[in-house]
Amino acid sequence: GHFIAEDKQNDKYRWLPAFYFPTVSNPTKKDFAQCRKSILWFGSSGMVHKGLDIAIDFAIGHPDYTLHICGGSRQESEFWNFYMPKIKEHKNIHLHGFVDIESENFSQILSQCGILLNPTISEGGAVSVLNVLGNSALFPVYSEATGIALYEVGICVPNVTYKDFEDALLKLEMMPDEEFKQKALNAHSFVKNNYTIEKYEEQMFGLLKEIIEKNRGAEGICLLGVKRRGIPLAEMLRDNIKKFEGIEVPLGHIDITLYRDDIKEQVEDFLDSL
């Protein structure tokens with residue numbers, strides 16, 4: 001696959017690259033020279049882990065740049081108590097809150113931004129990065145922990161520090177407009193061609209066959225689906241094992257809700273809906 005995370009137990013598990021959801025009709029329609037100093041941070045909870053502090057500090061220190069922040073957990077009060085007064089003092093920082101990737105707002109924000117900034121230290125394969133690059137041409141500046149190898153189409157920053165990301169972004173200023181545009185287009189094409197649902201299914205079924213072959217059949221195999229999205233995936237795997245081997249393997253479910261770092265937000269959202 002295209003994951004670059006280190007795998008010290010390669011014989012025990014495999015990475016299965018994720019896929020993006022195509023939602024934008026004109027992904028390459030933008031003025032690249034005009035938007036190359038507009039940065040997009042697109043994420044969710046765990047904002048320090050996902051480098052939002054680095055993005056905000058850069059925008060504060062470089063007011064000639066514009067920062068668009070999409071997502072972020074409202075429950076991380078210590079983070080917002082520290083940064084909100086600073087954000088309010090800087091008109092080049094825009095808070096959009098949660099943005100539905102199927103909305104017109106998502107499309108408009110993408111058309112305004114030229115750089116995708118992802119200084120994360122806590123991803124297994126950042127679907128947010130895939131959804132942004134798959135739906136628009138942006139130049140990615142990212143860390144290895146993003147879990148996606150973009151090869152020559154972006155800047156992979158080896159150390160997740162403010163200074164390293166600042167240096168990378170300022171170095172990017174020296175790149176000619178046409179080269180910047182082409183690399184942004186290449187990043188979009190790379191994700192669009194390699195991180196599709198069809199590729200995902202192809203690799204998933206390849207891994208399934210590999211498991212069956214190493215196990216010398218389906219006997220002794222059991223599946224465990226993590227609620228919510230892991231359950232239909234486990235069911236699909238079970239059905240295909242039965243199709244391949246004629247055996248219906250045991251299937252269990254596990255609910256990890258109480259162990260999620262955003263559990264408080266989920267509970268409050270549920271209570272608000274009552």
# chains A, B, ... in the order shown; residues from 1 in each chain; ligands from 1
>>> select_by_dssp(residues="stretch 102-264 of chain A", states="strand (DSSP E)", output="JSON, numbers by chain")
{"A": [115, 116, 117, 118, 139, 140, 141, 142, 143, 155, 156, 157, 223, 224, 225, 226, 251, 252, 253, 254]}
>>> write_last_selection(atoms="all heavy atoms", output="short mmCIF file (atom, residue, chain, number, x, y, z; two decimals), in the first residue's frame")
data_model
loop_
_atom_site.label_atom_id
_atom_site.label_comp_id
_atom_site.auth_asym_id
_atom_site.auth_seq_id
_atom_site.Cartn_x
_atom_site.Cartn_y
_atom_site.Cartn_z
N ILE A 115 -2.68 25.53 0.12
CA ILE A 115 -1.82 24.65 0.90
C ILE A 115 -2.66 23.86 1.90
O ILE A 115 -3.50 24.42 2.60
CB ILE A 115 -0.75 25.46 1.66
CG1 ILE A 115 0.17 26.20 0.69
CG2 ILE A 115 0.08 24.54 2.58
CD1 ILE A 115 1.14 27.15 1.38
N LEU A 116 -2.41 22.57 1.96
CA LEU A 116 -3.00 21.72 3.00
C LEU A 116 -1.92 21.47 4.04
O LEU A 116 -0.88 20.89 3.73
CB LEU A 116 -3.50 20.40 2.43
CG LEU A 116 -3.97 19.37 3.47
CD1 LEU A 116 -5.17 19.90 4.26
CD2 LEU A 116 -4.29 18.04 2.81
N LEU A 117 -2.15 21.91 5.26
CA LEU A 117 -1.17 21.75 6.34
C LEU A 117 -1.64 20.67 7.30
O LEU A 117 -2.73 20.76 7.86
CB LEU A 117 -0.99 23.07 7.07
CG LEU A 117 0.11 23.11 8.15
CD1 LEU A 117 1.47 22.84 7.54
CD2 LEU A 117 0.08 24.46 8.87
N ASN A 118 -0.79 19.64 7.49
CA ASN A 118 -1.16 18.52 8.37
C ASN A 118 0.04 18.10 9.22
O ASN A 118 0.69 17.11 8.92
CB ASN A 118 -1.69 17.35 7.54
CG ASN A 118 -2.35 16.28 8.41
OD1 ASN A 118 -1.79 15.23 8.66
ND2 ASN A 118 -3.54 16.56 8.89
N PHE A 139 -1.36 22.00 -2.36
CA PHE A 139 0.00 21.54 -2.13
C PHE A 139 0.09 21.05 -0.69
O PHE A 139 -0.09 21.82 0.25
CB PHE A 139 0.99 22.68 -2.36
CG PHE A 139 2.43 22.24 -2.35
CD1 PHE A 139 3.13 22.13 -3.54
CD2 PHE A 139 3.08 21.92 -1.17
CE1 PHE A 139 4.46 21.71 -3.55
CE2 PHE A 139 4.40 21.51 -1.16
CZ PHE A 139 5.10 21.39 -2.35
N PRO A 140 0.37 19.75 -0.46
CA PRO A 140 0.39 19.23 0.91
C PRO A 140 1.74 19.44 1.61
O PRO A 140 2.79 19.14 1.06
CB PRO A 140 0.11 17.74 0.71
CG PRO A 140 0.62 17.43 -0.67
CD PRO A 140 0.49 18.70 -1.47
N VAL A 141 1.67 19.97 2.82
CA VAL A 141 2.83 20.06 3.72
C VAL A 141 2.43 19.25 4.94
O VAL A 141 1.54 19.65 5.69
CB VAL A 141 3.16 21.52 4.08
CG1 VAL A 141 4.36 21.58 5.01
CG2 VAL A 141 3.41 22.34 2.82
N TYR A 142 3.09 18.12 5.17
CA TYR A 142 2.57 17.14 6.11
C TYR A 142 3.68 16.40 6.83
O TYR A 142 4.87 16.50 6.47
CB TYR A 142 1.69 16.14 5.35
CG TYR A 142 2.44 15.34 4.31
CD1 TYR A 142 2.81 14.02 4.54
CD2 TYR A 142 2.80 15.91 3.08
CE1 TYR A 142 3.51 13.29 3.58
CE2 TYR A 142 3.49 15.20 2.13
CZ TYR A 142 3.85 13.89 2.38
OH TYR A 142 4.55 13.18 1.44
N SER A 143 3.31 15.66 7.86
CA SER A 143 4.26 14.86 8.62
C SER A 143 4.17 13.40 8.19
O SER A 143 3.19 12.98 7.57
CB SER A 143 3.97 14.97 10.12
OG SER A 143 2.71 14.38 10.41
N ILE A 155 5.54 18.31 0.48
CA ILE A 155 6.69 18.37 1.39
C ILE A 155 6.35 17.56 2.63
O ILE A 155 5.42 17.89 3.37
CB ILE A 155 7.00 19.82 1.78
CG1 ILE A 155 7.42 20.63 0.55
CG2 ILE A 155 8.12 19.85 2.83
CD1 ILE A 155 7.68 22.11 0.86
N CYS A 156 7.11 16.49 2.86
CA CYS A 156 6.97 15.69 4.07
C CYS A 156 8.00 16.20 5.07
O CYS A 156 9.21 16.08 4.83
CB CYS A 156 7.17 14.21 3.77
SG CYS A 156 6.95 13.15 5.21
N VAL A 157 7.54 16.77 6.16
CA VAL A 157 8.42 17.35 7.17
C VAL A 157 8.77 16.26 8.19
O VAL A 157 7.88 15.71 8.84
CB VAL A 157 7.73 18.53 7.87
CG1 VAL A 157 8.66 19.17 8.90
CG2 VAL A 157 7.29 19.58 6.84
N LEU A 223 -13.90 -13.18 13.19
CA LEU A 223 -13.87 -11.76 12.87
C LEU A 223 -14.45 -10.93 14.01
O LEU A 223 -15.41 -11.36 14.66
CB LEU A 223 -14.66 -11.48 11.59
CG LEU A 223 -14.16 -12.18 10.32
CD1 LEU A 223 -15.17 -12.00 9.19
CD2 LEU A 223 -12.80 -11.64 9.90
N LEU A 224 -13.87 -9.77 14.24
CA LEU A 224 -14.36 -8.87 15.28
C LEU A 224 -14.53 -7.48 14.67
O LEU A 224 -13.56 -6.86 14.22
CB LEU A 224 -13.37 -8.81 16.44
CG LEU A 224 -13.80 -8.01 17.67
CD1 LEU A 224 -15.04 -8.64 18.31
CD2 LEU A 224 -12.66 -7.95 18.69
N GLY A 225 -15.76 -7.00 14.62
CA GLY A 225 -16.04 -5.68 14.04
C GLY A 225 -16.17 -4.63 15.12
O GLY A 225 -16.91 -4.80 16.08
N VAL A 226 -15.41 -3.53 14.97
CA VAL A 226 -15.48 -2.43 15.93
C VAL A 226 -16.63 -1.51 15.53
O VAL A 226 -16.68 -1.01 14.41
CB VAL A 226 -14.16 -1.64 15.96
CG1 VAL A 226 -14.26 -0.48 16.94
CG2 VAL A 226 -13.00 -2.56 16.34
N LEU A 251 -18.53 -14.28 14.01
CA LEU A 251 -18.40 -12.83 13.91
C LEU A 251 -18.86 -12.20 15.22
O LEU A 251 -19.95 -12.48 15.71
CB LEU A 251 -19.28 -12.30 12.76
CG LEU A 251 -19.44 -10.77 12.65
CD1 LEU A 251 -18.11 -10.10 12.39
CD2 LEU A 251 -20.44 -10.41 11.56
N GLY A 252 -18.03 -11.35 15.79
CA GLY A 252 -18.38 -10.64 17.02
C GLY A 252 -18.32 -9.14 16.82
O GLY A 252 -17.75 -8.64 15.83
N HIS A 253 -18.92 -8.41 17.74
CA HIS A 253 -18.92 -6.95 17.71
C HIS A 253 -18.27 -6.43 18.99
O HIS A 253 -18.40 -7.03 20.04
CB HIS A 253 -20.34 -6.39 17.62
CG HIS A 253 -21.10 -6.83 16.43
ND1 HIS A 253 -22.46 -6.71 16.34
CD2 HIS A 253 -20.70 -7.43 15.27
CE1 HIS A 253 -22.88 -7.20 15.17
NE2 HIS A 253 -21.82 -7.63 14.51
N ILE A 254 -17.59 -5.29 18.88
CA ILE A 254 -17.04 -4.63 20.07
C ILE A 254 -17.34 -3.14 20.00
O ILE A 254 -17.24 -2.53 18.94
CB ILE A 254 -15.52 -4.89 20.21
CG1 ILE A 254 -14.99 -4.27 21.51
CG2 ILE A 254 -14.75 -4.35 19.01
CD1 ILE A 254 -13.57 -4.67 21.84
#
>>> closest_atom_pairs(of="stretch 148-194 of chain A", to="stretch 30-51 of chain A", cutoff="9 Å", atoms="only C-alpha atoms", output="JSON lines")
{"residue": "A:Val160", "atom": "CA", "partner": "A:Gly51", "partner_atom": "CA", "distance": 8.2}
{"residue": "A:Glu173", "atom": "CA", "partner": "A:Lys37", "partner_atom": "CA", "distance": 8.5}
{"residue": "A:Asp177", "atom": "CA", "partner": "A:Ala33", "partner_atom": "CA", "distance": 5.8}
{"residue": "A:Glu178", "atom": "CA", "partner": "A:Ala33", "partner_atom": "CA", "distance": 8.3}
{"residue": "A:Phe180", "atom": "CA", "partner": "A:Phe32", "partner_atom": "CA", "distance": 7.8}
{"residue": "A:Lys181", "atom": "CA", "partner": "A:Phe32", "partner_atom": "CA", "distance": 5.9}
{"residue": "A:Ala184", "atom": "CA", "partner": "A:Phe32", "partner_atom": "CA", "distance": 8.8}
>>> write_last_selection(atoms="N, CA, C and O atoms", output="PDB file, in the first residue's frame")
ATOM      1  N   VAL A 160       8.105  17.000  13.709  1.00  0.00           N
ATOM      2  CA  VAL A 160       6.896  17.792  13.947  1.00  0.00           C
ATOM      3  C   VAL A 160       7.193  18.850  15.005  1.00  0.00           C
ATOM      4  O   VAL A 160       6.888  18.695  16.187  1.00  0.00           O
ATOM      5  N   GLU A 173       7.634  29.333  -0.478  1.00  0.00           N
ATOM      6  CA  GLU A 173       7.426  30.631  -1.110  1.00  0.00           C
ATOM      7  C   GLU A 173       8.333  30.826  -2.326  1.00  0.00           C
ATOM      8  O   GLU A 173       8.012  31.559  -3.255  1.00  0.00           O
ATOM      9  N   ASP A 177       5.276  29.832  -9.414  1.00  0.00           N
ATOM     10  CA  ASP A 177       3.828  29.592  -9.417  1.00  0.00           C
ATOM     11  C   ASP A 177       3.445  28.364 -10.232  1.00  0.00           C
ATOM     12  O   ASP A 177       2.593  27.566  -9.812  1.00  0.00           O
ATOM     13  N   GLU A 178       4.047  28.202 -11.395  1.00  0.00           N
ATOM     14  CA  GLU A 178       3.662  27.088 -12.264  1.00  0.00           C
ATOM     15  C   GLU A 178       4.045  25.752 -11.647  1.00  0.00           C
ATOM     16  O   GLU A 178       3.288  24.773 -11.756  1.00  0.00           O
ATOM     17  N   PHE A 180       4.366  25.198  -8.397  1.00  0.00           N
ATOM     18  CA  PHE A 180       3.436  25.040  -7.267  1.00  0.00           C
ATOM     19  C   PHE A 180       2.104  24.472  -7.756  1.00  0.00           C
ATOM     20  O   PHE A 180       1.571  23.518  -7.182  1.00  0.00           O
ATOM     21  N   LYS A 181       1.589  25.063  -8.807  1.00  0.00           N
ATOM     22  CA  LYS A 181       0.316  24.604  -9.382  1.00  0.00           C
ATOM     23  C   LYS A 181       0.403  23.153  -9.824  1.00  0.00           C
ATOM     24  O   LYS A 181      -0.487  22.345  -9.531  1.00  0.00           O
ATOM     25  N   ALA A 184       0.471  20.724  -6.908  1.00  0.00           N
ATOM     26  CA  ALA A 184      -0.858  20.638  -6.295  1.00  0.00           C
ATOM     27  C   ALA A 184      -1.775  19.760  -7.147  1.00  0.00           C
ATOM     28  O   ALA A 184      -2.519  18.914  -6.624  1.00  0.00           O
TER      29      ALA A 184
END
>>> atom_distance(atom1="atom CA of A:Glu248", atom2="atom CA of A:Leu208")
14.2 Å
>>> residues_around(residues="A:Ala126", least_positions_apart="3", cutoff="12 Å", atoms="only C-alpha atoms", output="NGL selection string")
:A and (3-5 or 17-20 or 42-44 or 50 or 118-123 or 129-133 or 142-149 or 191 or 195)
>>> closest_residue(among="A:Ile211, A:Ile247, A:Val24, A:Ile256", to="A:Ser136", atoms="only C-alpha atoms")
A:Val24
>>> select_by_dssp(residues="stretch 46-240 of chain A", states="helix (DSSP H, G or I)", output="ChimeraX atom specification")
/A:52-61,77-88,104-112,127-135,144-146,151-153,162-172,177-194,197-215,230-240
>>> atom_distance(atom1="atom CA of A:Asn92", atom2="atom CA of A:Gly72")
17.7 Å
>>> residues_around(residues="A:His90", least_positions_apart="2", cutoff="10 Å", atoms="only C-alpha atoms", output="PyMOL selection string")
chain A and resi 56+59-60+63+66+85-88+92-94
>>> atom_distance(atom1="atom CA of A:Gly246", atom2="atom CA of A:Arg228")
26.6 Å
>>> residues_around(residues="A:Glu245", least_positions_apart="6", cutoff="12 Å", atoms="only C-alpha atoms", output="PyMOL selection string")
chain A and resi 208-209+212-213+216-219+221+237-239
>>> residues_around(residues="A:Asn26", least_positions_apart="3", cutoff="10 Å", atoms="only C-alpha atoms", output="MDAnalysis selection string")
chainID A and resid 23 29:30 107 111 135:137
